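Dropping my_file.csv in here (CSV, C-alpha atoms and all ligand atoms):
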```
chain,number,residue,atom,x,y,z
M,1,MET,CA,126.8,81.2,139.6
M,2,ARG,CA,125.3,84.6,140.3
M,3,LEU,CA,121.7,85.2,141.4
M,4,GLN,CA,120.1,88.6,140.8
M,5,TYR,CA,116.7,89.7,142.0
M,6,LEU,CA,114.7,91.6,139.4
M,7,GLY,CA,111.8,92.5,141.7
M,8,HIS,CA,108.5,90.6,142.4
M,9,SER,CA,109.2,86.9,141.5
M,10,ALA,CA,111.7,87.6,138.8
M,11,PHE,CA,115.3,86.4,139.0
M,12,ARG,CA,118.3,86.2,136.7
M,13,ILE,CA,120.8,83.4,137.1
M,14,VAL,CA,124.2,83.7,135.3
M,15,ALA,CA,126.0,80.4,135.4
M,16,ASP,CA,129.7,80.2,135.6
M,17,ASP,CA,129.9,79.3,131.9
M,18,GLY,CA,127.9,82.5,131.1
M,19,THR,CA,124.6,80.9,130.5
M,20,GLN,CA,121.8,83.4,131.3
M,21,ILE,CA,118.6,82.0,132.8
M,22,LEU,CA,115.6,84.2,133.7
M,23,ILE,CA,112.7,83.1,135.9
M,24,ASP,CA,109.3,84.8,135.7
M,25,PRO,CA,110.6,88.0,134.1
M,26,TYR,CA,107.9,90.5,135.0
M,27,LEU,CA,109.6,93.8,134.4
M,28,ASP,CA,108.1,96.5,132.2
M,29,LYS,CA,104.8,96.7,134.1
M,30,ASN,CA,106.6,96.6,137.5
M,31,PRO,CA,107.7,100.1,138.5
M,32,LEU,CA,110.1,98.5,141.1
M,33,ALA,CA,111.9,96.4,138.4
M,34,PRO,CA,115.6,97.6,138.2
M,35,ILE,CA,115.9,96.9,134.4
M,36,LYS,CA,113.7,96.9,131.4
M,37,ALA,CA,113.0,93.9,129.2
M,38,ASN,CA,114.8,95.4,126.2
M,39,GLN,CA,118.0,95.5,128.3
M,40,LEU,CA,118.0,91.8,128.9
M,41,SER,CA,118.7,88.7,126.9
M,42,ALA,CA,118.4,85.1,127.9
M,43,ASP,CA,119.4,81.6,126.8
M,44,TYR,CA,116.6,80.1,128.9
M,45,ILE,CA,113.5,81.5,130.4
M,46,ILE,CA,111.7,79.4,133.1
M,47,LEU,CA,108.1,80.2,133.8
M,48,THR,CA,106.4,78.9,136.9
M,49,HIS,CA,102.9,79.7,135.5
M,50,ALA,CA,101.2,82.0,133.0
M,51,HIS,CA,99.8,84.8,135.2
M,52,GLY,CA,100.7,88.2,133.9
M,53,ASP,CA,103.1,88.9,136.8
M,54,HIS,CA,105.1,85.8,135.9
M,55,LEU,CA,104.8,85.4,132.1
M,56,GLY,CA,105.6,89.1,132.2
M,57,ASP,CA,108.0,90.1,129.4
M,58,ALA,CA,109.1,86.6,128.6
M,59,LEU,CA,108.0,86.7,124.9
M,60,SER,CA,109.5,90.1,124.2
M,61,ILE,CA,112.8,89.0,125.8
M,62,ALA,CA,113.0,85.6,124.1
M,63,LYS,CA,114.7,85.4,120.7
M,64,MET,CA,112.7,83.2,118.4
M,65,GLY,CA,114.6,80.0,117.6
M,66,ILE,CA,117.3,80.7,120.2
M,67,THR,CA,115.9,81.3,123.7
M,68,VAL,CA,114.4,78.1,125.2
M,69,ILE,CA,111.3,78.7,127.3
M,70,ILE,CA,110.9,76.0,130.0
M,71,CYS,CA,107.4,75.6,131.4
M,72,VAL,CA,104.6,73.0,131.9
M,73,SER,CA,103.4,71.4,128.7
M,74,GLU,CA,100.0,73.2,128.4
M,75,LEU,CA,101.7,76.6,128.6
M,76,ALA,CA,104.5,75.4,126.3
M,77,SER,CA,102.0,74.5,123.6
M,78,ILE,CA,100.5,78.0,123.8
M,79,ILE,CA,103.9,79.6,123.5
M,80,SER,CA,105.2,77.3,120.8
M,81,LYS,CA,102.2,78.1,118.6
M,82,ARG,CA,103.5,81.7,118.6
M,83,GLY,CA,106.8,80.5,117.1
M,84,TYR,CA,109.1,80.3,120.2
M,85,LYS,CA,111.3,77.4,121.2
M,86,VAL,CA,110.0,75.6,124.2
M,87,HIS,CA,111.0,72.8,126.5
M,88,ALA,CA,107.8,71.3,127.9
M,89,MET,CA,107.9,69.7,131.4
M,90,GLN,CA,105.5,68.6,134.0
M,91,ILE,CA,105.3,68.6,137.8
M,92,GLY,CA,107.5,65.9,139.2
M,93,GLY,CA,109.6,65.8,136.1
M,94,GLY,CA,113.3,66.7,135.9
M,95,PHE,CA,115.6,67.3,133.0
M,96,ILE,CA,119.4,67.9,132.7
M,97,PHE,CA,120.1,70.9,130.5
M,98,GLU,CA,123.6,72.1,129.6
M,99,PHE,CA,123.6,74.5,132.5
M,100,GLY,CA,122.3,72.1,135.1
M,101,ARG,CA,119.2,70.2,136.2
M,102,VAL,CA,115.6,71.6,136.4
M,103,LYS,CA,112.8,69.8,138.3
M,104,PHE,CA,109.3,71.0,138.4
M,105,THR,CA,107.4,70.8,141.7
M,106,MET,CA,103.8,71.3,142.7
M,107,ALA,CA,102.5,74.7,143.6
M,108,LEU,CA,99.0,75.3,145.1
M,109,HIS,CA,97.9,78.0,142.7
M,110,GLY,CA,96.1,78.5,139.4
M,111,SER,CA,97.4,79.3,135.9
M,112,ALA,CA,95.9,81.1,132.9
M,113,THR,CA,97.4,83.5,130.4
M,114,PRO,CA,96.6,87.2,130.7
M,115,ASP,CA,93.9,86.7,128.0
M,116,GLY,CA,92.2,84.0,130.1
M,117,GLN,CA,93.4,80.8,128.3
M,118,TYR,CA,93.9,77.8,130.6
M,119,ALA,CA,97.7,77.1,130.9
M,120,GLY,CA,97.9,73.9,132.9
M,121,LEU,CA,99.0,73.7,136.5
M,122,ALA,CA,101.1,76.3,138.3
M,123,ALA,CA,104.5,75.0,139.4
M,124,GLY,CA,107.6,75.6,141.5
M,125,VAL,CA,111.0,74.9,140.1
M,126,ILE,CA,114.2,73.5,141.6
M,127,LEU,CA,117.5,74.3,139.8
M,128,GLU,CA,120.8,72.7,140.3
M,129,VAL,CA,123.4,75.0,138.8
M,130,ASP,CA,127.2,75.0,139.4
M,131,GLY,CA,126.8,72.8,142.5
M,132,LEU,CA,124.1,75.0,144.1
M,133,CYS,CA,120.5,74.2,144.6
M,134,ILE,CA,117.8,76.9,144.1
M,135,TYR,CA,114.1,76.3,144.9
M,136,HIS,CA,111.8,79.0,143.4
M,137,CYS,CA,108.5,78.2,144.9
M,138,GLY,CA,106.5,80.1,142.3
M,139,ASP,CA,103.1,81.4,143.5
M,140,THR,CA,101.9,78.9,146.1
M,141,GLY,CA,100.0,78.4,149.3
M,142,LEU,CA,101.7,76.4,152.0
M,143,PHE,CA,101.7,72.6,151.5
M,144,GLY,CA,102.9,69.7,153.6
M,145,ASP,CA,104.9,68.0,150.8
M,146,MET,CA,107.5,70.8,151.2
M,147,LYS,CA,108.8,68.4,154.0
M,148,LEU,CA,109.5,65.8,151.3
M,149,ILE,CA,111.2,68.4,149.0
M,150,GLY,CA,113.3,69.4,152.0
M,151,GLU,CA,114.3,65.8,152.4
M,152,MET,CA,115.1,65.3,148.7
M,153,PHE,CA,117.2,68.5,148.2
M,154,ALA,CA,119.9,70.3,150.2
M,155,ILE,CA,118.5,73.8,149.3
M,156,ASP,CA,121.0,76.6,149.2
M,157,TYR,CA,118.6,79.4,148.1
M,158,LEU,CA,114.9,79.3,148.8
M,159,LEU,CA,113.0,81.9,146.8
M,160,VAL,CA,109.8,82.1,148.8
M,161,PRO,CA,106.6,84.2,148.4
M,162,ILE,CA,105.6,86.1,151.6
M,163,GLY,CA,103.1,88.7,150.4
M,164,GLY,CA,99.9,86.8,151.2
M,165,ASN,CA,96.5,87.2,149.5
M,166,TYR,CA,97.6,85.2,146.4
M,167,THR,CA,100.3,83.1,148.1
M,168,MET,CA,101.8,82.2,151.4
M,169,ASP,CA,102.1,85.0,153.9
M,170,ILE,CA,105.0,85.5,156.3
M,171,ASP,CA,103.8,83.0,158.9
M,172,ASP,CA,103.2,80.4,156.3
M,173,ALA,CA,106.6,81.1,154.8
M,174,VAL,CA,108.2,80.5,158.2
M,175,LEU,CA,106.5,77.1,158.3
M,176,ALA,CA,107.8,76.5,154.8
M,177,VAL,CA,111.4,77.2,155.9
M,178,ARG,CA,110.9,74.8,158.9
M,179,MET,CA,110.1,72.0,156.4
M,180,LEU,CA,112.7,73.0,153.7
M,181,HIS,CA,115.6,74.1,156.0
M,182,PRO,CA,117.4,76.1,153.2
M,183,LYS,CA,120.8,77.6,153.9
M,184,LEU,CA,119.3,81.0,152.9
M,185,ALA,CA,115.8,82.1,152.3
M,186,ILE,CA,115.1,85.1,150.0
M,187,PRO,CA,111.6,86.6,150.1
M,188,MET,CA,109.7,87.5,147.0
M,189,HIS,CA,106.2,88.3,145.7
M,190,TYR,CA,105.6,91.2,148.2
M,191,ASN,CA,105.2,95.0,148.1
M,192,THR,CA,104.8,95.1,144.3
M,193,PHE,CA,101.1,95.9,144.8
M,194,PRO,CA,99.3,97.4,147.8
M,195,ILE,CA,97.4,94.1,148.4
M,196,ILE,CA,100.7,92.2,149.0
M,197,GLU,CA,102.4,94.8,151.2
M,198,VAL,CA,104.3,93.2,154.1
M,199,ASP,CA,107.5,94.0,156.1
M,200,PRO,CA,110.2,91.5,155.0
M,201,GLU,CA,112.1,92.3,158.3
M,202,ASP,CA,109.2,90.6,160.1
M,203,PHE,CA,109.9,87.4,158.0
M,204,LYS,CA,113.6,87.7,158.8
M,205,ARG,CA,113.0,87.9,162.5
M,206,LYS,CA,110.5,85.0,162.5
M,207,ALA,CA,112.7,82.8,160.3
M,208,ALA,CA,115.7,83.4,162.5
M,209,ILE,CA,113.7,81.9,165.4
M,210,ALA,CA,113.2,78.9,163.1
M,211,GLY,CA,116.9,78.7,162.5
M,212,THR,CA,117.0,80.0,158.9
M,213,ASP,CA,118.9,83.0,157.7
M,214,VAL,CA,117.0,85.4,155.4
M,215,LEU,CA,118.6,87.7,152.8
M,216,ILE,CA,116.3,90.6,151.9
M,217,MET,CA,117.3,91.5,148.3
M,218,GLN,CA,116.4,94.9,146.8
M,219,PRO,CA,115.5,94.7,143.1
M,220,GLY,CA,118.8,94.8,141.3
M,221,ASP,CA,120.8,93.1,144.1
M,222,SER,CA,123.0,90.0,143.4
M,223,CYS,CA,124.3,87.3,145.6
O,301,NI,NI,100.0,83.7,140.0
O,302,MN,MN,101.9,86.1,141.2
```

Structure encoded using structure tokens:
Amino acid sequence: MRLQYLGHSAFRIVADDGTQILIDPYLDKNPLAPIKANQLSADYIILTHAHGDHLGDALSIAKMGITVIICVSELASIISKRGYKVHAMQIGGGFIFEFGRVKFTMALHGSATPDGQYAGLAAGVILEVDGLCIYHCGDTGLFGDMKLIGEMFAIDYLLVPIGGNYTMDIDDAVLAVRMLHPKLAIPMHYNTFPIIEVDPEDFKRKAAIAGTDVLIMQPGDSC
């Protein structure tokens, strides 16, 4: 499995069998994105919530009738009415897809489409692909049930927001890694806009004191 950072909260996972999975593909409106939507294709697109910086280019990348968009049921019904193939889930639910298992977790955040339509709850997502466990926190504030998630899963890659204002900041994200104890934490949702500018090296230093390694990925980097 390869994990590629596409800027902001967008990631591409390519499974060993070639399955392409995108998470929160916000690209064309992000000047820091390393690739444009029309250069990507996906078998699956996972959306943590409907805000414009997460729904992003999902509908232009998705091929009608082919790409499966995985998201909470309220957002799935909005998307399926536009003709796309969806797999509706809900927080706490898990499902085994051909590429691996997906489980939706809580996220302390809102969710509405860019035109203001209510789109259900915001979520985080845990993927188990090729024997690795990835937890994409979505947009969220810090919450104590991360301790439970840390007990339930041996997390290899924690994709964690650090930019503050809309989500956890660096100090909150350090508390999150203390509860989740991932093998590697990868910061996201920072420096895309002036209001979420932070120094990821500060997160790296503080997480190291908490015993967690941090990998700062530049948009386009893979691991
Ligand atoms: Ni959001
Ligand atoms: Mn966001």

Close residues, stretch 131-147 of chain M itself excluded, 9 Å, all atoms listed in the file, min 2 positions apart in chain, as a PyMOL selection string: chain M and resi 1+9+23-24+47-49+54+100+105-110+122-129+149-161+164+166-169+172-173+175-180+182+189

Of M:Gly52, M:Gly211, M:Gly116, M:Gly18, the one sitting nearest ligand NI 301 (chain O) when using all atoms listed in the file is M:Gly52

Can you tell me, as a PyMOL selection string, which residues sit within 10 Å of (106.5, 83.9, 132.1) in the file's frame, using only C-alpha atoms? chain M and resi 10+22-26+45-59+69-71+75+79+113

When distances are computed from only C-alpha atoms, which of M:Tyr84, M:Phe95, M:Tyr44, M:Phe193 shows the smallest separation from M:Pro31? M:Phe193

Would you work out the distance separating atom CA of M:Thr19 from atom CA of M:Pro187, expressed in Å to one decimal?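 Atom CA of M:Pro187 lies at a distance of 24.2 Å from atom CA of M:Thr19.
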
Restricting the calculation to all atoms listed in the file: of M:Leu184, M:Ala208, M:Ala112, M:Val102, which residue gets closest to ligand NI 301 (chain O)?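 So, comparing all the options, the nearest one is M:Ala112.
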
Rounded to one decimal, what separation in Å do you get between atom CA of M:Ser80 and atom CA of M:Thr67? 11.8 Å

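Distances from M:Phe99, M:Lys206, M:Ala42, M:Gly163 to M:Tyr190 were compared using only C-alpha atoms, and the smallest one belongs to M:Gly163.
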
Nearest to ligand NI 301 (chain O) among M:Ile96, M:Ala119, M:Cys223, M:Ala207, with distances taken over only C-alpha atoms and all ligand atoms: which residue is it?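 So, comparing all the options, the nearest one is M:Ala119.
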
Mind pulling up the distance from atom CA of M:Gln218 to atom CA of M:Asp202?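 For atom CA of M:Asp202 relative to atom CA of M:Gln218, the distance reads 15.7 Å.
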
Identify which of the residues M:Ser41, M:Asn165, M:Gln117, M:Gln90 lies closest to ligand MN 302 (chain O), counting all atoms listed in the file when measuring atom-to-atom distances.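 With all atoms listed in the file as the atom set, the closest residue is M:Asn165.
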